[in-house]
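Asks: See model-v2.cif below, with mmCIF, C-alpha atoms.
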```cif
data_coords
#
loop_
_atom_site.label_atom_id
_atom_site.label_comp_id
_atom_site.auth_asym_id
_atom_site.auth_seq_id
_atom_site.Cartn_x
_atom_site.Cartn_y
_atom_site.Cartn_z
CA MET A 1 2.46 42.09 -20.83
CA ALA A 2 0.22 42.97 -23.78
CA PRO A 3 -2.91 45.00 -22.84
CA LEU A 4 -6.32 43.33 -23.02
CA ALA A 5 -8.19 44.07 -26.19
CA SER A 6 -11.16 45.92 -24.74
CA VAL A 7 -12.90 47.33 -21.68
CA GLY A 8 -15.33 44.42 -21.96
CA ARG A 9 -12.48 41.96 -21.57
CA LEU A 10 -11.22 43.85 -18.54
CA ALA A 11 -14.66 43.63 -16.96
CA LEU A 12 -14.83 39.92 -17.67
CA ALA A 13 -11.39 39.37 -16.16
CA ALA A 14 -12.42 41.25 -13.01
CA ALA A 15 -15.61 39.24 -12.72
CA LEU A 16 -13.74 35.97 -13.08
CA ALA A 17 -11.25 37.02 -10.43
CA CYS A 18 -14.02 37.98 -7.99
CA ALA A 19 -15.74 34.66 -8.55
CA VAL A 20 -12.88 32.80 -6.93
CA ILE A 21 -11.70 35.16 -4.21
CA GLU A 22 -13.70 33.27 -1.57
CA GLN A 23 -12.03 29.86 -1.50
CA PRO A 24 -13.38 27.77 1.39
CA ALA A 25 -11.12 25.80 3.64
CA VAL A 26 -10.90 22.06 3.12
CA GLU A 27 -14.50 20.94 3.47
CA ALA A 28 -15.73 18.22 5.81
CA VAL A 29 -16.99 14.98 4.27
CA LYS A 30 -20.75 14.81 3.72
CA SER A 31 -21.35 11.30 5.09
CA ASP A 32 -21.16 10.18 8.70
CA ASN A 33 -21.35 6.51 7.75
CA ILE A 34 -17.70 6.06 6.76
CA LYS A 35 -14.55 5.15 8.63
CA TYR A 36 -10.92 5.84 7.80
CA HIS A 37 -9.00 2.55 7.62
CA GLU A 38 -5.36 2.57 8.66
CA GLY A 39 -2.78 0.41 6.93
CA LEU A 40 0.98 0.52 6.48
CA SER A 41 2.36 3.64 8.13
CA ARG A 42 3.64 6.57 6.09
CA GLU A 43 7.09 6.11 7.62
CA ASP A 44 7.22 2.46 6.48
CA LYS A 45 6.14 3.44 2.96
CA TRP A 46 8.82 6.12 2.79
CA LYS A 47 11.46 3.74 4.09
CA ALA A 48 10.48 1.23 1.41
CA VAL A 49 11.10 3.73 -1.40
CA GLY A 50 14.07 5.40 0.31
CA HIS A 51 12.78 8.99 0.43
CA LYS A 52 9.89 11.11 1.63
CA GLY A 53 6.96 11.99 -0.58
CA ILE A 54 6.52 15.57 -1.79
CA THR A 55 4.38 17.50 -4.25
CA LEU A 56 5.88 19.97 -6.71
CA TRP A 57 3.01 22.18 -7.89
CA MET A 58 4.04 23.54 -11.29
CA THR A 59 1.98 26.62 -12.16
CA GLY A 60 2.25 29.04 -15.05
CA LEU A 61 0.63 30.33 -18.22
CA SER A 62 -0.14 28.05 -21.13
CA GLY A 63 3.09 27.81 -23.14
CA SER A 64 5.33 28.74 -20.22
CA GLY A 65 7.00 25.34 -20.30
CA LYS A 66 5.31 23.45 -17.46
CA SER A 67 5.00 20.16 -19.37
CA THR A 68 8.44 20.42 -20.97
CA VAL A 69 10.19 21.10 -17.67
CA SER A 70 8.07 18.50 -15.86
CA VAL A 71 9.00 15.74 -18.31
CA ALA A 72 12.70 16.66 -18.15
CA LEU A 73 12.55 16.73 -14.33
CA GLU A 74 10.87 13.32 -14.28
CA GLN A 75 13.60 11.89 -16.49
CA ALA A 76 16.33 13.49 -14.37
CA LEU A 77 14.95 11.91 -11.20
CA VAL A 78 14.25 8.48 -12.65
CA THR A 79 17.11 7.89 -15.09
CA ASN A 80 19.89 10.33 -14.18
CA GLN A 81 20.49 9.50 -10.53
CA PRO A 82 22.59 6.74 -8.88
CA ARG A 83 19.30 5.07 -8.07
CA PRO A 84 15.87 5.86 -9.53
CA TYR A 85 13.39 7.89 -7.49
CA PHE A 86 9.69 7.10 -7.19
CA VAL A 87 8.14 9.84 -9.34
CA TYR A 88 4.64 10.40 -10.65
CA ARG A 89 3.80 13.19 -13.06
CA LEU A 90 0.26 14.60 -13.15
CA ASP A 91 -0.16 16.64 -16.34
CA GLY A 92 -3.14 18.98 -16.51
CA ASP A 93 -3.98 18.16 -20.13
CA ASN A 94 -3.53 14.42 -19.64
CA LEU A 95 -5.86 14.39 -16.63
CA ARG A 96 -8.62 15.94 -18.72
CA PHE A 97 -8.70 12.75 -20.81
CA GLY A 98 -9.71 10.76 -17.74
CA LEU A 99 -10.07 11.94 -14.13
CA ASN A 100 -11.15 15.46 -15.13
CA ARG A 101 -12.83 14.72 -18.43
CA ASP A 102 -16.11 16.17 -17.13
CA LEU A 103 -14.57 19.58 -16.37
CA GLY A 104 -14.31 22.66 -18.55
CA PHE A 105 -12.47 25.93 -17.93
CA SER A 106 -14.98 28.01 -15.99
CA PRO A 107 -13.73 29.33 -12.63
CA GLU A 108 -15.85 26.70 -10.88
CA ASP A 109 -14.44 23.88 -13.01
CA ARG A 110 -10.89 25.13 -12.57
CA LYS A 111 -11.44 25.14 -8.82
CA GLU A 112 -12.69 21.53 -8.90
CA ASN A 113 -9.81 20.59 -11.20
CA VAL A 114 -7.32 21.84 -8.60
CA ARG A 115 -9.20 20.13 -5.75
CA ARG A 116 -9.07 16.73 -7.45
CA VAL A 117 -5.42 17.02 -8.44
CA ALA A 118 -4.48 18.23 -4.95
CA GLU A 119 -6.14 15.18 -3.38
CA VAL A 120 -4.53 12.76 -5.84
CA SER A 121 -1.15 14.43 -5.31
CA LYS A 122 -1.56 14.02 -1.56
CA LEU A 123 -2.22 10.28 -1.94
CA PHE A 124 0.87 9.77 -4.08
CA ALA A 125 3.04 11.87 -1.74
CA GLU A 126 1.73 9.84 1.18
CA ALA A 127 2.96 6.72 -0.62
CA GLY A 128 6.44 8.26 -1.03
CA ALA A 129 6.22 9.64 -4.57
CA ILE A 130 7.79 12.85 -5.80
CA VAL A 131 4.66 14.23 -7.44
CA ILE A 132 5.09 16.66 -10.34
CA ALA A 133 1.68 18.30 -10.80
CA GLY A 134 1.56 20.64 -13.79
CA LEU A 135 -1.53 22.83 -14.05
CA ILE A 136 -2.09 26.43 -15.06
CA SER A 137 -4.07 26.81 -11.79
CA PRO A 138 -4.45 30.56 -12.37
CA TYR A 139 -6.07 31.51 -9.06
CA ALA A 140 -4.01 32.06 -5.93
CA ALA A 141 -6.83 30.86 -3.68
CA ASP A 142 -6.99 27.51 -5.49
CA ARG A 143 -3.23 27.02 -5.20
CA ALA A 144 -3.47 27.92 -1.51
CA TYR A 145 -6.10 25.19 -1.18
CA ALA A 146 -3.73 22.63 -2.73
CA ARG A 147 -1.05 23.70 -0.26
CA GLU A 148 -3.51 23.45 2.64
CA VAL A 149 -4.49 19.90 1.67
CA HIS A 150 -0.85 18.90 2.06
CA ALA A 151 -0.21 20.98 5.17
CA ASN A 152 -3.18 19.37 6.93
CA SER A 153 -1.55 15.99 6.32
CA SER A 154 1.97 17.22 7.24
CA LEU A 155 3.20 16.53 3.70
CA PRO A 156 5.89 18.61 1.94
CA PHE A 157 4.67 20.94 -0.80
CA LEU A 158 6.63 23.25 -3.11
CA GLU A 159 5.00 25.80 -5.38
CA VAL A 160 7.05 26.01 -8.59
CA PHE A 161 6.35 29.07 -10.74
CA ILE A 162 7.21 28.27 -14.35
CA ASP A 163 7.36 31.82 -15.59
CA ALA A 164 7.61 33.57 -18.95
CA PRO A 165 6.09 36.90 -20.07
CA LEU A 166 2.81 36.82 -21.97
CA GLU A 167 4.44 38.05 -25.18
CA VAL A 168 6.93 35.16 -25.01
CA VAL A 169 4.39 32.39 -24.41
CA GLU A 170 2.11 33.92 -27.02
CA SER A 171 4.94 33.87 -29.56
CA ARG A 172 5.52 30.18 -28.81
CA ASP A 173 1.81 29.25 -29.06
CA VAL A 174 2.57 25.58 -29.69
CA LYS A 175 -1.11 24.63 -29.55
CA GLY A 176 -2.36 27.67 -31.46
CA LEU A 177 -4.60 28.60 -28.53
CA TYR A 178 -3.47 32.20 -28.13
CA LYS A 179 -4.23 32.89 -31.78
CA LYS A 180 -7.73 31.47 -31.31
CA ALA A 181 -8.23 33.46 -28.10
CA ARG A 182 -7.15 36.71 -29.79
CA ALA A 183 -9.61 35.95 -32.58
CA GLY A 184 -12.41 35.45 -30.06
CA GLN A 185 -12.73 31.74 -30.84
CA ILE A 186 -11.86 30.78 -27.24
CA LYS A 187 -13.47 32.65 -24.36
CA GLY A 188 -12.07 32.91 -20.84
CA PHE A 189 -8.52 32.09 -21.90
CA THR A 190 -5.95 32.66 -19.16
CA GLY A 191 -3.75 35.67 -19.85
CA ILE A 192 -6.02 37.08 -22.56
CA ASP A 193 -9.54 37.58 -21.21
CA ALA A 194 -9.17 35.67 -17.93
CA PRO A 195 -6.68 36.48 -15.18
CA TYR A 196 -3.54 34.70 -14.06
CA GLU A 197 -2.64 35.56 -10.48
CA LYS A 198 1.12 35.20 -10.25
CA PRO A 199 2.53 33.43 -7.17
CA GLU A 200 3.87 36.01 -4.73
CA ASN A 201 6.25 33.78 -2.79
CA PRO A 202 6.83 30.52 -4.65
CA GLU A 203 9.43 28.17 -3.23
CA VAL A 204 10.88 27.84 -6.75
CA HIS A 205 10.85 30.41 -9.57
CA VAL A 206 11.99 29.31 -13.03
CA ARG A 207 12.15 31.88 -15.84
CA THR A 208 11.93 29.81 -19.01
CA ASP A 209 12.62 32.87 -21.16
CA GLN A 210 15.99 33.27 -19.41
CA ASN A 211 16.95 29.64 -18.65
CA THR A 212 17.27 26.51 -20.73
CA VAL A 213 15.18 23.47 -19.85
CA THR A 214 18.25 21.85 -18.28
CA GLN A 215 18.95 24.95 -16.19
CA GLY A 216 15.33 25.04 -15.08
CA VAL A 217 15.45 21.40 -13.99
CA ASN A 218 18.67 22.01 -12.06
CA ILE A 219 17.08 24.96 -10.24
CA ILE A 220 14.24 22.67 -9.12
CA LEU A 221 16.61 19.85 -8.15
CA GLU A 222 18.58 22.25 -5.98
CA GLN A 223 15.45 23.24 -4.07
CA LEU A 224 14.34 19.61 -3.87
CA ASP A 225 17.65 18.83 -2.17
CA LYS A 226 16.97 21.59 0.35
CA ALA A 227 13.51 20.17 1.07
CA GLY A 228 15.19 17.30 2.91
CA ILE A 229 13.32 14.36 1.38
CA HIS A 230 16.25 11.94 1.72
CA LEU A 231 16.05 9.47 4.57
CA PRO A 232 19.13 8.46 6.58
CA ARG A 233 19.83 4.78 6.13
CA THR A 234 21.43 2.29 8.50
CA PHE A 235 22.52 -1.27 7.90
CA ARG A 236 20.09 -3.96 8.97
CA PRO A 237 21.80 -6.19 11.57
CA LEU A 238 21.84 -9.95 11.26
CA ASP A 239 19.46 -11.87 13.43
CA GLU A 240 21.05 -14.22 15.94
CA PRO A 241 21.00 -17.76 14.51
CA THR A 242 19.48 -20.58 16.50
CA GLU A 243 22.89 -22.27 16.28
CA GLU A 244 26.09 -20.26 16.21
CA PRO A 245 28.08 -21.33 13.13
CA GLN A 246 31.60 -22.53 13.74
CA CYS A 247 34.60 -21.09 11.91
CA LYS A 248 36.31 -23.76 9.85
CA SER A 249 39.99 -23.89 9.09
CA ALA A 250 41.01 -23.65 5.48
#
```
Starting from the file, lay out its structure as structure tokens.
Replies:
Amino acid sequence: MAPLASVGRLALAAALACAVIEQPAVEAVKSDNIKYHEGLSREDKWKAVGHKGITLWMTGLSGSGKSTVSVALEQALVTNQPRPYFVYRLDGDNLRFGLNRDLGFSPEDRKENVRRVAEVSKLFAEAGAIVIAGLISPYAADRAYAREVHANSSLPFLEVFIDAPLEVVESRDVKGLYKKARAGQIKGFTGIDAPYEKPENPEVHVRTDQNTVTQGVNIILEQLDKAGIHLPRTFRPLDEPTEEPQCKSA
């Protein structure tokens, strides 16, 4: 990994990291005047779509390939299987055009970004979707929060580390952001003057500098198989008719 440009940048990176070390547990709601309304059970929703819901949390540096792999994975699940799966892809950039349009890239805003996406992912997983959530989500505490949101609802969650060395993603620089960050035009850019805390024990680790997109997708599919989201199916028996039909001779 390339060294940071100055002692000042190192100090800034340390300060940003310290700002998010204390990640509170899932907070209680603020109002007492609300009631949770039950509807169709989770099991019935999952039976309707034919598989359990699950969230795949795709984390990695900008340019690591999160969006590229996510789109290819979505296509593999929807169009390349004997029957299509219920999939919803939550792209970090796309969400900032709508749901998260009021958020920037400060540690506080990144934390809120993760909180919102974690809650939305949980709702889709509850409905039976395979959620592909692609965010840089640079702080380990924030990713742990997303995991906790799912664990508290007994929903499957896989952390997927889309990994490539800084020098590789910086050489790709599809959006030209690394060049701007190196020139000081973007402050607090992950990997340059803001930290990225690598996952220590991700369920899935994809090195995009060593694997093709197809190979990366297949690595994820293999782990998705092991997650056990498929439901056993049985034939639905016929109801007894009010009048037993009679067999007729030919």
Asks: Where does the PyMOL selection byres ((chain A and resi 87) around 9) land in this file, that is, which residues does it pick, as a VMD selection string?
Replies: chain A and resid 74 77 to 78 84 to 86 88 to 89 124 128 to 132
Asks: Report the residues retrieved by the PyMOL selection byres ((chain A and resi 134) around 6) from the displayed file, expressed as a list in words.
Replies: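 Against this file, the PyMOL selection byres ((chain A and resi 134) around 6) returns the residues Met58, Lys66, Asp91, Gly92, Ala133 and Leu135 of chain A.
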Asks: Neighbouring residues of A:Gly53 were defined as those with any atom within 12 Å, considering only C-alpha atoms; residues of the same chain fewer than 3 positions away were excluded. Please report them as a PDB file with C-alpha atoms, in the frame of the given file.
Replies:
```
ATOM      1  CA  ARG A  42       3.640   6.570   6.090  1.00  0.00           C
ATOM      2  CA  GLU A  43       7.090   6.110   7.620  1.00  0.00           C
ATOM      3  CA  ASP A  44       7.220   2.460   6.480  1.00  0.00           C
ATOM      4  CA  LYS A  45       6.140   3.440   2.960  1.00  0.00           C
ATOM      5  CA  TRP A  46       8.820   6.120   2.790  1.00  0.00           C
ATOM      6  CA  LYS A  47      11.460   3.740   4.090  1.00  0.00           C
ATOM      7  CA  ALA A  48      10.480   1.230   1.410  1.00  0.00           C
ATOM      8  CA  VAL A  49      11.100   3.730  -1.400  1.00  0.00           C
ATOM      9  CA  GLY A  50      14.070   5.400   0.310  1.00  0.00           C
ATOM     10  CA  LEU A  56       5.880  19.970  -6.710  1.00  0.00           C
ATOM     11  CA  TYR A  85      13.390   7.890  -7.490  1.00  0.00           C
ATOM     12  CA  PHE A  86       9.690   7.100  -7.190  1.00  0.00           C
ATOM     13  CA  VAL A  87       8.140   9.840  -9.340  1.00  0.00           C
ATOM     14  CA  TYR A  88       4.640  10.400 -10.650  1.00  0.00           C
ATOM     15  CA  SER A 121      -1.150  14.430  -5.310  1.00  0.00           C
ATOM     16  CA  LYS A 122      -1.560  14.020  -1.560  1.00  0.00           C
ATOM     17  CA  LEU A 123      -2.220  10.280  -1.940  1.00  0.00           C
ATOM     18  CA  PHE A 124       0.870   9.770  -4.080  1.00  0.00           C
ATOM     19  CA  ALA A 125       3.040  11.870  -1.740  1.00  0.00           C
ATOM     20  CA  GLU A 126       1.730   9.840   1.180  1.00  0.00           C
ATOM     21  CA  ALA A 127       2.960   6.720  -0.620  1.00  0.00           C
ATOM     22  CA  GLY A 128       6.440   8.260  -1.030  1.00  0.00           C
ATOM     23  CA  ALA A 129       6.220   9.640  -4.570  1.00  0.00           C
ATOM     24  CA  ILE A 130       7.790  12.850  -5.800  1.00  0.00           C
ATOM     25  CA  VAL A 131       4.660  14.230  -7.440  1.00  0.00           C
ATOM     26  CA  ILE A 132       5.090  16.660 -10.340  1.00  0.00           C
ATOM     27  CA  HIS A 150      -0.850  18.900   2.060  1.00  0.00           C
ATOM     28  CA  SER A 153      -1.550  15.990   6.320  1.00  0.00           C
ATOM     29  CA  SER A 154       1.970  17.220   7.240  1.00  0.00           C
ATOM     30  CA  LEU A 155       3.200  16.530   3.700  1.00  0.00           C
ATOM     31  CA  PRO A 156       5.890  18.610   1.940  1.00  0.00           C
ATOM     32  CA  PHE A 157       4.670  20.940  -0.800  1.00  0.00           C
ATOM     33  CA  LEU A 158       6.630  23.250  -3.110  1.00  0.00           C
ATOM     34  CA  LEU A 224      14.340  19.610  -3.870  1.00  0.00           C
ATOM     35  CA  ALA A 227      13.510  20.170   1.070  1.00  0.00           C
ATOM     36  CA  GLY A 228      15.190  17.300   2.910  1.00  0.00           C
ATOM     37  CA  ILE A 229      13.320  14.360   1.380  1.00  0.00           C
ATOM     38  CA  HIS A 230      16.250  11.940   1.720  1.00  0.00           C
ATOM     39  CA  LEU A 231      16.050   9.470   4.570  1.00  0.00           C
TER      40      LEU A 231
END
```
Asks: Check what the PyMOL selection byres ((chain A and resi 168) around 12) selects in the file above and give those residues as a list in words.
Replies: Met1, Ala2, Leu61, Ser62, Gly63, Ser64, Gly65, Asp163, Ala164, Pro165, Leu166, Glu167, Val169, Glu170, Ser171, Arg172, Asp173, Val174, Tyr178, Gly191, Arg207, Thr208, Asp209 and Gln210 of chain A
Asks: Is there a way to get, as an MDAnalysis selection string, all residues within 12 Å of the point (5.3, 34.7, -1.1) in file coordinates, counting all atoms listed in the file?
Replies: chainID A and resid 140 144 158:161 198:205
Asks: Report, in Å with one decimal, the straight-line distance from atom CA of A:Ile136 to atom CA of A:Thr190.
Replies: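 Pair atom CA of A:Ile136 / atom CA of A:Thr190 returns 8.4 Å.
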Asks: At what distance in Å, to one decimal, does atom CA of A:Gln75 lie from atom CA of A:Val213?
Replies: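 So the answer is 12.2 Å.
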Asks: Could you tell me how far atom CA of A:Ile54 lies from atom CA of A:Ala151, in Å and to one decimal?
Replies: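 One can read the atom CA of A:Ile54 to atom CA of A:Ala151 distance as 11.1 Å.
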